[in-house]
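Visitor: Next comes coords_9.cif, mmCIF, C-alpha atoms:
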```
data_query
#
loop_
_atom_site.label_atom_id
_atom_site.label_comp_id
_atom_site.auth_asym_id
_atom_site.auth_seq_id
_atom_site.Cartn_x
_atom_site.Cartn_y
_atom_site.Cartn_z
CA MET A 1358 115.38 -9.96 -239.35
CA ASP A 1359 116.95 -13.17 -240.71
CA ARG A 1360 119.57 -15.19 -238.84
CA ARG A 1361 122.50 -13.63 -240.66
CA GLY A 1362 121.21 -10.13 -239.96
CA LEU A 1363 120.69 -10.96 -236.31
CA ILE A 1364 124.22 -12.34 -236.02
CA ALA A 1365 125.72 -9.26 -237.62
CA SER A 1366 123.86 -6.83 -235.37
CA ALA A 1367 124.47 -8.92 -232.27
CA LEU A 1368 128.20 -8.98 -232.88
CA LEU A 1369 128.29 -5.22 -232.83
CA ALA A 1370 126.69 -5.17 -229.41
CA SER A 1371 129.08 -7.73 -227.87
CA SER A 1372 128.58 -10.97 -226.58
CA ALA A 1373 127.04 -15.87 -226.97
CA ALA A 1374 126.39 -22.34 -226.10
CA ALA A 1375 125.14 -25.43 -225.31
CA ARG A 1376 121.98 -25.66 -223.25
CA ALA A 1377 123.44 -27.45 -220.21
CA GLN A 1378 121.33 -25.52 -217.73
CA PRO A 1379 121.69 -26.42 -214.07
CA ALA A 1380 118.37 -26.58 -212.26
CA ARG A 1381 116.37 -24.02 -214.21
CA GLY A 1382 114.05 -21.86 -212.20
CA GLN A 1383 115.39 -22.57 -208.74
CA ALA A 1384 115.66 -19.64 -206.41
CA ALA A 1385 119.19 -18.45 -205.72
CA GLY A 1386 118.78 -18.12 -201.95
CA PRO A 1387 116.70 -16.17 -199.44
CA GLU A 1388 115.22 -12.90 -200.58
CA PRO A 1389 117.11 -9.86 -199.29
CA ALA A 1390 115.79 -7.65 -196.51
CA ILE A 1391 115.16 -4.60 -198.71
CA PRO A 1392 112.96 -5.03 -201.81
CA LEU A 1393 113.66 -2.77 -204.79
CA ASP A 1394 110.41 -3.34 -206.67
CA ASP A 1395 108.95 0.05 -205.78
CA VAL A 1396 112.17 1.72 -206.93
CA LEU A 1397 112.28 -0.19 -210.22
CA ARG A 1398 108.59 -0.23 -211.21
CA PRO A 1399 108.32 3.46 -212.29
CA CYS A 1400 111.29 2.92 -214.60
CA LEU A 1401 109.40 0.47 -216.80
CA ALA A 1402 107.15 3.11 -218.35
CA ARG A 1403 109.73 5.87 -218.10
CA TYR A 1404 112.25 3.94 -220.22
CA ALA A 1405 109.91 1.59 -222.16
CA LEU A 1406 111.37 -1.58 -220.66
CA PRO A 1407 109.46 -4.88 -220.61
CA ALA A 1408 111.21 -6.01 -217.40
CA LEU A 1409 113.90 -4.73 -215.07
CA ALA A 1410 115.85 -6.35 -212.25
CA ALA A 1411 118.56 -5.09 -209.91
CA ALA A 1412 120.43 -6.11 -206.77
CA VAL A 1413 122.87 -4.51 -204.35
CA VAL A 1414 125.66 -6.33 -202.50
CA ARG A 1415 127.79 -5.14 -199.64
CA GLY A 1416 130.17 -6.98 -197.34
CA GLY A 1417 129.44 -10.33 -198.92
CA GLN A 1418 125.66 -10.04 -198.60
CA VAL A 1419 122.80 -9.21 -200.95
CA VAL A 1420 121.26 -6.24 -199.15
CA ALA A 1421 118.56 -5.27 -201.67
CA ALA A 1422 117.02 -6.74 -204.82
CA GLY A 1423 113.98 -6.59 -207.03
CA ALA A 1424 112.52 -7.71 -210.35
CA VAL A 1425 109.52 -6.07 -212.03
CA GLY A 1426 107.72 -6.06 -215.37
CA THR A 1427 106.61 -8.72 -217.78
CA ARG A 1428 108.41 -11.66 -219.35
CA ARG A 1429 106.86 -10.90 -222.73
CA ALA A 1430 105.88 -7.44 -223.97
CA GLY A 1431 102.14 -7.06 -224.48
CA THR A 1432 101.30 -9.64 -221.82
CA LYS A 1433 100.85 -9.53 -218.06
CA THR A 1434 103.12 -12.48 -217.26
CA PRO A 1435 105.07 -11.05 -214.33
CA VAL A 1436 108.75 -11.61 -213.73
CA VAL A 1437 109.83 -12.99 -210.37
CA ILE A 1438 113.06 -12.64 -208.43
CA SER A 1439 114.32 -16.09 -209.52
CA ASP A 1440 113.81 -15.41 -213.25
CA ARG A 1441 116.87 -15.75 -215.48
CA PHE A 1442 118.25 -12.73 -217.35
CA HIS A 1443 120.85 -12.85 -220.12
CA ILE A 1444 124.14 -11.11 -219.21
CA GLY A 1445 125.90 -11.12 -222.59
CA SER A 1446 129.52 -10.03 -222.44
CA ASP A 1447 129.52 -9.91 -218.65
CA THR A 1448 130.36 -13.58 -219.27
CA LYS A 1449 133.86 -12.51 -220.33
CA ALA A 1450 134.93 -12.07 -216.70
CA MET A 1451 134.03 -15.72 -216.09
CA THR A 1452 136.18 -16.79 -219.04
CA SER A 1453 139.08 -14.74 -217.67
CA LEU A 1454 138.63 -16.28 -214.22
CA LEU A 1455 138.75 -19.73 -215.77
CA ALA A 1456 141.98 -18.72 -217.50
CA GLY A 1457 143.40 -17.68 -214.13
CA MET A 1458 142.53 -21.09 -212.69
CA LEU A 1459 144.35 -22.90 -215.50
CA VAL A 1460 147.36 -20.60 -215.18
CA GLU A 1461 147.57 -21.40 -211.46
CA GLN A 1462 147.44 -25.10 -212.32
CA GLU A 1463 150.27 -24.54 -214.84
CA ALA A 1464 148.13 -25.88 -217.67
CA LEU A 1465 148.67 -22.49 -219.36
CA ARG A 1466 150.65 -19.30 -218.82
CA TRP A 1467 149.49 -15.71 -219.32
CA ASP A 1468 152.09 -15.51 -222.09
CA SER A 1469 151.04 -18.80 -223.73
CA THR A 1470 150.72 -18.08 -227.44
CA VAL A 1471 148.10 -19.02 -229.99
CA GLY A 1472 150.80 -20.71 -232.07
CA ALA A 1473 151.94 -22.87 -229.15
CA ALA A 1474 148.36 -23.76 -228.22
CA PHE A 1475 147.59 -24.95 -231.76
CA PRO A 1476 150.91 -26.20 -233.18
CA GLU A 1477 149.17 -28.08 -236.00
CA LEU A 1478 147.95 -24.72 -237.35
CA ALA A 1479 151.19 -22.78 -236.86
CA THR A 1480 152.62 -23.34 -240.35
CA ASP A 1481 149.70 -21.67 -242.13
CA MET A 1482 148.88 -19.23 -239.31
CA ASP A 1483 149.48 -15.53 -239.73
CA ALA A 1484 152.91 -14.80 -238.23
CA GLY A 1485 151.55 -12.05 -236.02
CA LEU A 1486 148.74 -14.23 -234.66
CA ARG A 1487 151.20 -17.01 -233.79
CA ALA A 1488 152.79 -14.73 -231.18
CA VAL A 1489 149.56 -13.41 -229.64
CA THR A 1490 149.29 -14.32 -225.95
CA LEU A 1491 146.40 -15.46 -223.80
CA GLU A 1492 146.61 -12.23 -221.78
CA GLN A 1493 146.38 -10.14 -224.96
CA LEU A 1494 143.29 -12.05 -226.08
CA LEU A 1495 141.61 -11.46 -222.71
CA SER A 1496 142.48 -7.74 -222.65
CA HIS A 1497 141.39 -7.10 -226.27
CA THR A 1498 144.96 -6.06 -227.13
CA SER A 1499 145.77 -9.00 -229.43
CA GLY A 1500 145.61 -6.99 -232.64
CA ILE A 1501 142.63 -9.07 -233.80
CA PRO A 1502 140.15 -6.54 -235.20
CA SER A 1503 136.76 -5.85 -233.70
CA ASP A 1504 134.04 -8.07 -235.08
CA ASN A 1505 133.89 -7.63 -238.86
CA ASP A 1506 132.29 -9.16 -241.95
CA THR A 1507 134.85 -11.98 -242.09
CA PHE A 1508 133.93 -13.01 -238.56
CA GLY A 1509 130.22 -12.76 -239.30
CA ASN A 1510 130.60 -14.86 -242.45
CA LEU A 1511 132.47 -17.56 -240.54
CA LEU A 1512 129.75 -17.67 -237.88
CA THR A 1513 127.15 -18.14 -240.59
CA GLU A 1514 129.27 -20.90 -242.13
CA SER A 1515 129.61 -22.58 -238.73
CA PHE A 1516 125.92 -23.53 -238.80
CA ALA A 1517 126.64 -25.85 -241.73
CA GLN A 1518 129.31 -27.87 -239.90
CA ASP A 1519 128.03 -31.32 -238.97
CA GLY A 1520 128.99 -33.76 -236.25
CA LEU A 1521 131.08 -31.40 -234.12
CA ASN A 1522 130.99 -30.69 -230.41
CA LEU A 1523 131.41 -27.08 -229.37
CA ASP A 1524 135.13 -27.41 -228.60
CA GLU A 1525 135.66 -28.96 -232.04
CA LEU A 1526 133.58 -26.20 -233.62
CA ARG A 1527 135.65 -23.51 -231.89
CA PHE A 1528 138.83 -25.17 -233.14
CA TRP A 1529 137.29 -25.13 -236.62
CA LEU A 1530 136.72 -21.38 -236.22
CA VAL A 1531 140.30 -20.79 -235.03
CA ARG A 1532 141.63 -22.75 -237.99
CA ARG A 1533 139.48 -20.85 -240.50
CA TRP A 1534 140.44 -17.50 -238.95
CA SER A 1535 144.13 -18.24 -238.43
CA SER A 1536 145.38 -16.84 -241.74
CA GLN A 1537 143.73 -13.45 -241.16
CA PRO A 1538 146.23 -10.61 -240.68
CA LEU A 1539 146.24 -8.63 -237.45
CA ALA A 1540 144.92 -5.09 -237.52
CA ALA A 1541 147.51 -3.79 -235.03
CA LYS A 1542 150.70 -4.83 -233.27
CA PRO A 1543 149.79 -7.00 -230.26
CA GLY A 1544 149.79 -5.18 -226.95
CA THR A 1545 149.43 -1.70 -228.42
CA THR A 1546 145.77 -1.11 -229.30
CA PHE A 1547 142.38 -1.87 -227.77
CA ALA A 1548 139.88 -3.50 -230.14
CA TYR A 1549 136.85 -5.21 -228.61
CA SER A 1550 136.86 -8.64 -230.21
CA ASN A 1551 134.49 -11.55 -229.67
CA MET A 1552 136.74 -13.57 -231.98
CA GLY A 1553 139.58 -12.97 -229.53
CA TYR A 1554 137.54 -14.30 -226.60
CA THR A 1555 136.35 -17.29 -228.62
CA MET A 1556 139.98 -18.05 -229.43
CA ALA A 1557 140.91 -17.72 -225.76
CA GLY A 1558 138.09 -20.13 -224.92
CA ALA A 1559 139.46 -22.59 -227.47
CA MET A 1560 142.89 -22.35 -225.81
CA LEU A 1561 141.31 -23.14 -222.43
CA GLU A 1562 139.47 -26.10 -223.95
CA ARG A 1563 142.66 -27.44 -225.49
CA ALA A 1564 144.52 -27.12 -222.19
CA ALA A 1565 141.78 -28.63 -219.99
CA LYS A 1566 140.45 -31.18 -222.51
CA LYS A 1567 136.84 -30.17 -221.83
CA THR A 1568 134.40 -27.76 -223.43
CA TRP A 1569 134.27 -24.21 -222.12
CA GLU A 1570 130.70 -24.84 -220.96
CA GLU A 1571 131.73 -27.89 -218.90
CA LEU A 1572 134.57 -25.92 -217.33
CA ILE A 1573 132.41 -22.93 -216.41
CA VAL A 1574 129.74 -25.16 -214.84
CA GLU A 1575 132.26 -27.19 -212.85
CA ARG A 1576 134.62 -24.42 -211.78
CA VAL A 1577 132.44 -21.30 -211.53
CA PHE A 1578 128.71 -22.07 -211.34
CA ALA A 1579 128.93 -25.05 -208.97
CA PRO A 1580 131.36 -23.71 -206.34
CA LEU A 1581 129.58 -20.34 -206.20
CA GLY A 1582 126.16 -22.00 -205.99
CA LEU A 1583 124.80 -20.29 -209.11
CA ARG A 1584 121.89 -22.70 -209.48
CA THR A 1585 119.97 -20.70 -212.09
CA ALA A 1586 123.00 -20.17 -214.34
CA GLY A 1587 123.06 -21.63 -217.84
CA PHE A 1588 123.79 -20.78 -221.47
CA GLY A 1589 121.92 -19.40 -224.44
CA PRO A 1590 118.35 -18.01 -224.49
CA GLN A 1591 117.15 -17.58 -220.94
CA ALA A 1592 113.74 -19.11 -221.65
CA THR A 1593 113.22 -22.82 -222.31
CA LEU A 1594 112.31 -23.89 -225.84
CA GLY A 1595 108.53 -23.76 -226.19
CA ARG A 1596 107.99 -21.93 -222.91
CA VAL A 1597 107.96 -18.40 -221.56
CA ASP A 1598 109.49 -19.38 -218.24
CA ALA A 1599 111.91 -16.45 -218.15
CA PRO A 1600 111.95 -12.87 -219.49
CA LEU A 1601 112.19 -13.12 -223.28
CA GLY A 1602 114.69 -10.93 -225.05
CA HIS A 1603 113.15 -8.24 -227.26
CA LEU A 1604 114.18 -6.67 -230.54
CA LEU A 1605 113.33 -3.06 -231.30
CA ARG A 1606 111.34 -2.78 -234.51
CA GLU A 1607 111.81 0.23 -236.80
CA ASP A 1608 108.56 1.74 -235.53
CA GLY A 1609 109.83 1.56 -231.95
CA THR A 1610 107.66 -1.36 -230.85
CA LEU A 1611 109.09 -4.46 -229.21
CA LYS A 1612 109.27 -7.92 -230.77
CA PRO A 1613 109.59 -10.72 -228.18
CA MET A 1614 112.14 -13.37 -229.22
CA LEU A 1615 111.26 -16.90 -228.15
CA ALA A 1616 113.94 -19.48 -227.40
CA GLY A 1617 115.19 -20.87 -230.70
CA PRO A 1618 117.92 -20.39 -233.30
CA ASP A 1619 117.53 -16.59 -233.27
CA GLY A 1620 116.98 -16.30 -229.52
CA ASP A 1621 120.66 -15.66 -228.84
CA ASN A 1622 124.02 -15.35 -230.53
CA PRO A 1623 125.61 -18.51 -231.97
CA ALA A 1624 126.71 -21.00 -229.31
CA ILE A 1625 130.19 -21.14 -230.84
CA ILE A 1626 131.08 -17.77 -229.29
CA GLY A 1627 130.02 -18.81 -225.80
CA PRO A 1628 133.29 -17.66 -224.13
CA ALA A 1629 132.45 -14.14 -225.33
CA GLY A 1630 128.99 -14.05 -223.79
CA THR A 1631 126.14 -16.58 -223.51
CA VAL A 1632 125.51 -16.87 -219.78
CA HIS A 1633 122.11 -16.25 -218.21
CA LEU A 1634 121.18 -16.37 -214.52
CA SER A 1635 118.85 -14.82 -211.97
CA ILE A 1636 119.52 -11.36 -210.59
CA LEU A 1637 120.27 -12.97 -207.19
CA ASP A 1638 122.83 -15.34 -208.70
CA PHE A 1639 124.25 -12.41 -210.68
CA ALA A 1640 124.55 -10.61 -207.34
CA THR A 1641 126.38 -13.60 -205.84
CA TRP A 1642 128.89 -13.45 -208.69
CA ALA A 1643 129.23 -9.69 -208.15
CA SER A 1644 129.72 -10.11 -204.41
CA TRP A 1645 132.47 -12.70 -204.83
CA ASN A 1646 134.36 -10.36 -207.13
CA ALA A 1647 133.67 -7.26 -205.01
CA CYS A 1648 135.15 -9.05 -202.00
CA GLU A 1649 138.07 -10.20 -204.20
CA GLY A 1650 137.64 -13.75 -202.96
CA ARG A 1651 138.22 -12.83 -199.30
CA ARG A 1652 134.88 -14.29 -198.21
CA GLY A 1653 135.28 -17.54 -200.16
CA PRO A 1654 135.21 -19.80 -201.94
CA ALA A 1655 138.92 -19.57 -202.83
CA LEU A 1656 138.62 -20.23 -206.55
CA VAL A 1657 141.97 -18.56 -207.29
CA ARG A 1658 144.74 -16.95 -205.27
CA PRO A 1659 144.17 -13.28 -204.31
CA GLU A 1660 147.02 -12.14 -206.55
CA THR A 1661 145.40 -13.85 -209.55
CA LEU A 1662 142.08 -12.11 -208.93
CA ARG A 1663 143.87 -8.77 -208.53
CA LYS A 1664 145.53 -9.36 -211.89
CA LEU A 1665 142.13 -9.93 -213.51
CA HIS A 1666 140.93 -6.65 -211.98
CA THR A 1667 144.01 -4.56 -212.94
CA GLN A 1668 143.93 -2.23 -215.94
CA VAL A 1669 145.94 -3.34 -218.96
CA ILE A 1670 145.07 -0.63 -221.48
CA GLU A 1671 143.17 2.63 -221.76
CA ILE A 1672 139.96 2.70 -223.81
CA SER A 1673 138.63 5.37 -226.14
CA VAL A 1674 136.03 4.04 -228.59
CA PRO A 1675 133.73 6.67 -230.11
CA ASP A 1676 130.18 5.50 -230.80
CA ALA A 1677 130.65 2.15 -229.05
CA ALA A 1678 127.55 -0.02 -229.28
CA PRO A 1679 125.52 -0.58 -226.09
CA GLY A 1680 127.09 -3.46 -224.21
CA THR A 1681 130.65 -2.68 -225.31
CA PRO A 1682 133.29 -0.52 -223.58
CA ALA A 1683 133.61 3.07 -224.76
CA LYS A 1684 136.07 4.72 -222.38
CA GLY A 1685 138.04 4.21 -219.21
CA GLY A 1686 140.33 1.20 -218.97
CA TYR A 1687 140.18 -2.52 -219.67
CA CYS A 1688 141.53 -5.31 -217.49
CA LEU A 1689 140.99 -9.02 -218.19
CA GLY A 1690 137.25 -9.41 -218.75
CA TRP A 1691 136.54 -6.25 -216.76
CA GLY A 1692 136.51 -2.53 -217.46
CA ILE A 1693 137.34 0.38 -215.18
CA LEU A 1694 135.16 3.49 -215.43
CA THR A 1695 134.50 6.59 -213.36
CA MET A 1696 130.81 7.48 -213.31
CA PRO A 1697 129.62 11.07 -212.71
CA PHE A 1698 127.64 10.10 -209.60
CA ALA A 1699 130.48 8.45 -207.65
CA ARG A 1700 133.90 9.60 -206.49
CA GLU A 1701 135.55 6.20 -206.76
CA PRO A 1702 135.77 4.41 -210.12
CA PHE A 1703 133.90 1.17 -210.75
CA LEU A 1704 135.21 -2.17 -211.87
CA MET A 1705 132.44 -2.94 -214.33
CA HIS A 1706 131.19 -4.47 -217.55
CA THR A 1707 128.07 -4.36 -219.67
CA GLY A 1708 126.79 -7.07 -221.94
CA SER A 1709 124.18 -7.40 -224.66
CA ASN A 1710 123.11 -9.75 -227.43
CA THR A 1711 120.95 -6.84 -228.79
CA MET A 1712 117.85 -8.41 -227.18
CA ASN A 1713 118.93 -8.05 -223.55
CA LEU A 1714 121.25 -5.78 -221.58
CA ALA A 1715 123.04 -6.32 -218.27
CA MET A 1716 125.45 -4.28 -216.18
CA ILE A 1717 127.72 -5.14 -213.25
CA MET A 1718 129.42 -2.39 -211.21
CA LEU A 1719 131.83 -3.04 -208.33
CA GLN A 1720 133.88 -1.04 -205.84
CA PRO A 1721 136.09 -3.77 -204.31
CA ALA A 1722 137.75 -1.47 -201.77
CA ARG A 1723 134.31 -1.15 -200.14
CA GLU A 1724 133.09 -4.68 -200.95
CA PHE A 1725 130.20 -2.98 -202.74
CA GLY A 1726 128.48 -4.04 -205.94
CA LEU A 1727 125.43 -3.39 -208.08
CA VAL A 1728 123.93 -5.53 -210.86
CA LEU A 1729 121.14 -4.61 -213.27
CA ALA A 1730 119.44 -6.38 -216.16
CA THR A 1731 116.65 -5.79 -218.64
CA ASN A 1732 115.20 -7.87 -221.47
CA VAL A 1733 115.66 -5.40 -224.31
CA GLY A 1734 118.82 -3.96 -225.86
CA GLY A 1735 119.79 -0.72 -227.54
CA LYS A 1736 120.79 2.79 -226.55
CA GLY A 1737 117.55 3.45 -224.71
CA ALA A 1738 118.06 0.43 -222.49
CA ASP A 1739 121.67 1.42 -221.88
CA ALA A 1740 120.61 4.92 -220.80
CA ALA A 1741 117.94 3.39 -218.58
CA LEU A 1742 120.32 1.07 -216.73
CA ARG A 1743 122.78 3.89 -216.15
CA ALA A 1744 120.03 6.11 -214.75
CA VAL A 1745 118.73 3.32 -212.52
CA ALA A 1746 122.28 2.60 -211.37
CA GLU A 1747 122.70 6.24 -210.35
CA ASP A 1748 119.44 6.17 -208.40
CA ILE A 1749 120.24 2.94 -206.58
CA TYR A 1750 123.82 4.00 -205.87
CA GLY A 1751 122.48 7.18 -204.33
CA ARG A 1752 120.35 5.08 -201.99
CA PHE A 1753 122.83 2.33 -201.09
CA GLY A 1754 126.30 3.26 -202.29
CA GLN A 1755 127.04 6.26 -200.13
CA ALA A 1756 127.04 4.58 -196.72
#
```
Just dump the structure as structure tokens.
Guide:
Amino acid sequence: MDRRGLIASALLASSAAARAQPARGQAAGPEPAIPLDDVLRPCLARYALPALAAAVVRGGQVVAAGAVGTRRAGTKTPVVISDRFHIGSDTKAMTSLLAGMLVEQEALRWDSTVGAAFPELATDMDAGLRAVTLEQLLSHTSGIPSDNDTFGNLLTESFAQDGLNLDELRFWLVRRWSSQPLAAKPGTTFAYSNMGYTMAGAMLERAAKKTWEELIVERVFAPLGLRTAGFGPQATLGRVDAPLGHLLREDGTLKPMLAGPDGDNPAIIGPAGTVHLSILDFATWASWNACEGRRGPALVRPETLRKLHTQVIEISVPDAAPGTPAKGGYCLGWGILTMPFAREPFLMHTGSNTMNLAMIMLQPAREFGLVLATNVGGKGADAALRAVAEDIYGRFGQA
């Protein structure tokens, strides 16, 4: 598949930036008391997964975790618990949290508009887009359509722009998109849009005068101690030091994707989903959200975090691609979904760049959370993670 084809397919699945990667390969803390390897290992053959990782959090602690399989299909290079997995659109919750921080600092408001954020573009901007708010961008209710050919073409064109930092490149994308008409009246319709999250990221960059990547590292990764967290392909260029993402060939076999230009979605759409991190660091992020900040660090006020976790709109998207919401409700970077194996709904999200798939599931009232990741995308991987989630929840989520 060529780069343009990869971009187009990846956009349908969600997610996507610079390679500032804090301390690659470091462990994210002590291993939990209960290993999950024996639970996860049979799932590799059952669901044709190269690798699989999962962790359970409760009461602010990682109570179980495991990582099994191989970093590269067809080899016996084993994954380890500190290996980085790509989490795709699960990044969106981090972007929304960053927005909450800037709102608390009065650098932005939830009702700050695209037109006000970019006044130099307002004259030629679509009138509807001028009035779209930050909150509408983060809840996918802006009226911006789901990723389409126009968006894909602009991403392809972005590779030809020279001499720009990522914040400048995102502004370029906002400017090129700004004359596009909305597909719906803002605030009325859910449409999962990576363009919307990229635009929100550009608003955060304009307000904070730093790139989205710098802001996420300084304000999310560092205070939470997410030492394995970074951006883009989870493996280092020229190395197989993390589970490679895999594409499904037409004959059903797996093609490992090395770090490189086609190893992830374009860096420009980072705010929509380019983060990778170990399953233990993913669990730390899950635990902080499951405890709604009560166990520290106090990154935002409790009422801000509750706002991020509160449903804005109901979702009903037939045939949604793996990694994108299909039903339930959507908050700000989070979805709400009732699963058949649990009485209480989950605050959750899935993310995929078509080569990897990750899932985060929380029940904040119980300070409980579950994270899962695999290094292949598609419907089969999505079904696998849901089945594994049911199994693990049955073991740890009922107490």
Visitor: Residues at most 10 Å from Pro1502 of chain A, counting only C-alpha atoms, excluding those fewer than 5 positions away in the same chain, as a list in words?
Guide: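 Returned residues: His1497, Phe1508, Gln1537, Pro1538, Leu1539, Ala1540, Ala1541, Thr1546, Phe1547, Ala1548, Tyr1549, Ser1550, Asn1551, Met1552 and Gly1553 of chain A.
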Visitor: Could you list, as an mmCIF file with C-alpha atoms, in the coordinates of the input, every residue matched by the PyMOL selection byres ((chain A and resi 1712-1725) around 9) in this structure?
Guide:
```cif
data_model
loop_
_atom_site.group_PDB
_atom_site.id
_atom_site.type_symbol
_atom_site.label_atom_id
_atom_site.label_comp_id
_atom_site.auth_asym_id
_atom_site.auth_seq_id
_atom_site.Cartn_x
_atom_site.Cartn_y
_atom_site.Cartn_z
ATOM 1 C CA ALA A 1367 124.470 -8.920 -232.270
ATOM 2 C CA VAL A 1413 122.870 -4.510 -204.350
ATOM 3 C CA VAL A 1414 125.660 -6.330 -202.500
ATOM 4 C CA ARG A 1415 127.790 -5.140 -199.640
ATOM 5 C CA GLY A 1416 130.170 -6.980 -197.340
ATOM 6 C CA GLY A 1417 129.440 -10.330 -198.920
ATOM 7 C CA PHE A 1442 118.250 -12.730 -217.350
ATOM 8 C CA HIS A 1443 120.850 -12.850 -220.120
ATOM 9 C CA ILE A 1444 124.140 -11.110 -219.210
ATOM 10 C CA GLY A 1445 125.900 -11.120 -222.590
ATOM 11 C CA SER A 1446 129.520 -10.030 -222.440
ATOM 12 C CA ASP A 1447 129.520 -9.910 -218.650
ATOM 13 C CA LEU A 1601 112.190 -13.120 -223.280
ATOM 14 C CA GLY A 1602 114.690 -10.930 -225.050
ATOM 15 C CA HIS A 1603 113.150 -8.240 -227.260
ATOM 16 C CA LEU A 1604 114.180 -6.670 -230.540
ATOM 17 C CA LEU A 1605 113.330 -3.060 -231.300
ATOM 18 C CA PRO A 1613 109.590 -10.720 -228.180
ATOM 19 C CA MET A 1614 112.140 -13.370 -229.220
ATOM 20 C CA GLY A 1620 116.980 -16.300 -229.520
ATOM 21 C CA ASP A 1621 120.660 -15.660 -228.840
ATOM 22 C CA PHE A 1639 124.250 -12.410 -210.680
ATOM 23 C CA ALA A 1640 124.550 -10.610 -207.340
ATOM 24 C CA ALA A 1643 129.230 -9.690 -208.150
ATOM 25 C CA SER A 1644 129.720 -10.110 -204.410
ATOM 26 C CA TRP A 1645 132.470 -12.700 -204.830
ATOM 27 C CA ASN A 1646 134.360 -10.360 -207.130
ATOM 28 C CA ALA A 1647 133.670 -7.260 -205.010
ATOM 29 C CA CYS A 1648 135.150 -9.050 -202.000
ATOM 30 C CA GLU A 1649 138.070 -10.200 -204.200
ATOM 31 C CA PRO A 1679 125.520 -0.580 -226.090
ATOM 32 C CA GLY A 1680 127.090 -3.460 -224.210
ATOM 33 C CA GLU A 1701 135.550 6.200 -206.760
ATOM 34 C CA PRO A 1702 135.770 4.410 -210.120
ATOM 35 C CA PHE A 1703 133.900 1.170 -210.750
ATOM 36 C CA LEU A 1704 135.210 -2.170 -211.870
ATOM 37 C CA MET A 1705 132.440 -2.940 -214.330
ATOM 38 C CA HIS A 1706 131.190 -4.470 -217.550
ATOM 39 C CA THR A 1707 128.070 -4.360 -219.670
ATOM 40 C CA GLY A 1708 126.790 -7.070 -221.940
ATOM 41 C CA SER A 1709 124.180 -7.400 -224.660
ATOM 42 C CA ASN A 1710 123.110 -9.750 -227.430
ATOM 43 C CA THR A 1711 120.950 -6.840 -228.790
ATOM 44 C CA GLY A 1726 128.480 -4.040 -205.940
ATOM 45 C CA LEU A 1727 125.430 -3.390 -208.080
ATOM 46 C CA VAL A 1728 123.930 -5.530 -210.860
ATOM 47 C CA LEU A 1729 121.140 -4.610 -213.270
ATOM 48 C CA ALA A 1730 119.440 -6.380 -216.160
ATOM 49 C CA THR A 1731 116.650 -5.790 -218.640
ATOM 50 C CA ASN A 1732 115.200 -7.870 -221.470
ATOM 51 C CA VAL A 1733 115.660 -5.400 -224.310
ATOM 52 C CA GLY A 1734 118.820 -3.960 -225.860
ATOM 53 C CA GLY A 1735 119.790 -0.720 -227.540
ATOM 54 C CA ALA A 1738 118.060 0.430 -222.490
ATOM 55 C CA ASP A 1739 121.670 1.420 -221.880
ATOM 56 C CA LEU A 1742 120.320 1.070 -216.730
ATOM 57 C CA ARG A 1743 122.780 3.890 -216.150
ATOM 58 C CA ALA A 1746 122.280 2.600 -211.370
ATOM 59 C CA GLY A 1754 126.300 3.260 -202.290
#
```
Visitor: Got a sec to resolve the PyMOL selection byres ((chain A and resi 1454-1456) around 8) on this structure and send the residues as a list in words?
Guide: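 Matching residues under the PyMOL selection byres ((chain A and resi 1454-1456) around 8) are Ala1450, Met1451, Thr1452, Ser1453, Gly1457, Met1458, Leu1459, Val1460, Leu1465, Leu1561, Leu1572, Ile1573, Arg1576, Val1577, Leu1662 and Leu1665 of chain A.
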Visitor: Which residue, A:Val1531, A:Arg1700, A:Leu1583, A:Asn1522, has the smallest gap to Met1482 of chain A when you use all atoms listed in the file?
Guide: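 For Met1482 of chain A, the nearest of the candidates is A:Val1531.
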Visitor: Give me, as a VMD selection string, all polymer residues having an atom no more than 10 Å from Thr1427 of chain A, counting all atoms listed in the file and skipping those fewer than 5 positions away in the same chain.
Guide: chain A and resid 1401 1406 to 1409 1432 to 1437 1599 to 1601 1732
Visitor: Using all atoms listed in the file, which of A:Arg1658, A:Arg1466, A:Arg1527, A:Arg1652 sits nearest Leu1511 of chain A?
Guide: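 Checking each of A:Arg1658, A:Arg1466, A:Arg1527, A:Arg1652 against Leu1511 of chain A, counting all atoms listed in the file, the winner is A:Arg1527.
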Visitor: Could you jot down the atom CA of Val1669 of chain A to atom CA of Lys1449 of chain A separation for me, Å, one decimal place?
Guide: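 Calculated distance between atom CA of Val1669 of chain A and atom CA of Lys1449 of chain A is 15.2 Å.
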Visitor: Quick one: of A:Phe1578, A:Trp1642, A:Phe1698, A:Trp1691, who's nearest to Ala1412 of chain A, counting all atoms listed in the file?
Guide: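 For Ala1412 of chain A, the nearest of the given residues is A:Trp1642.
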Visitor: Ranking A:Trp1569, A:Tyr1687, A:Phe1475, A:Trp1529 by minimum distance to Gly1630 of chain A and counting all atoms listed in the file, which one comes first?
Guide: A:Trp1569
Visitor: With distances taken over only C-alpha atoms, which residue among A:Leu1634, A:Ile1625, A:Leu1689, A:Ala1484 lies nearest Trp1467 of chain A?
Guide: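 Distance minimum relative to Trp1467 of chain A lands on A:Leu1689.
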Visitor: Can you work out which one of A:Ala1517, A:Leu1581, A:Met1556, A:Ala1740 has the shortest atom-to-atom distance to Gly1650 of chain A, counting only C-alpha atoms?
Guide: A:Leu1581
Visitor: Work out how far apart atom CA of Arg1398 of chain A and atom CA of Leu1611 of chain A are and give it in Å to one decimal.
Guide: 18.5 Å
Visitor: For atom CA of Arg1532 of chain A and atom CA of Glu1570 of chain A, quote the distance in Å rounded to one decimal.
Guide: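 Separation between atom CA of Arg1532 of chain A and atom CA of Glu1570 of chain A: 20.3 Å.
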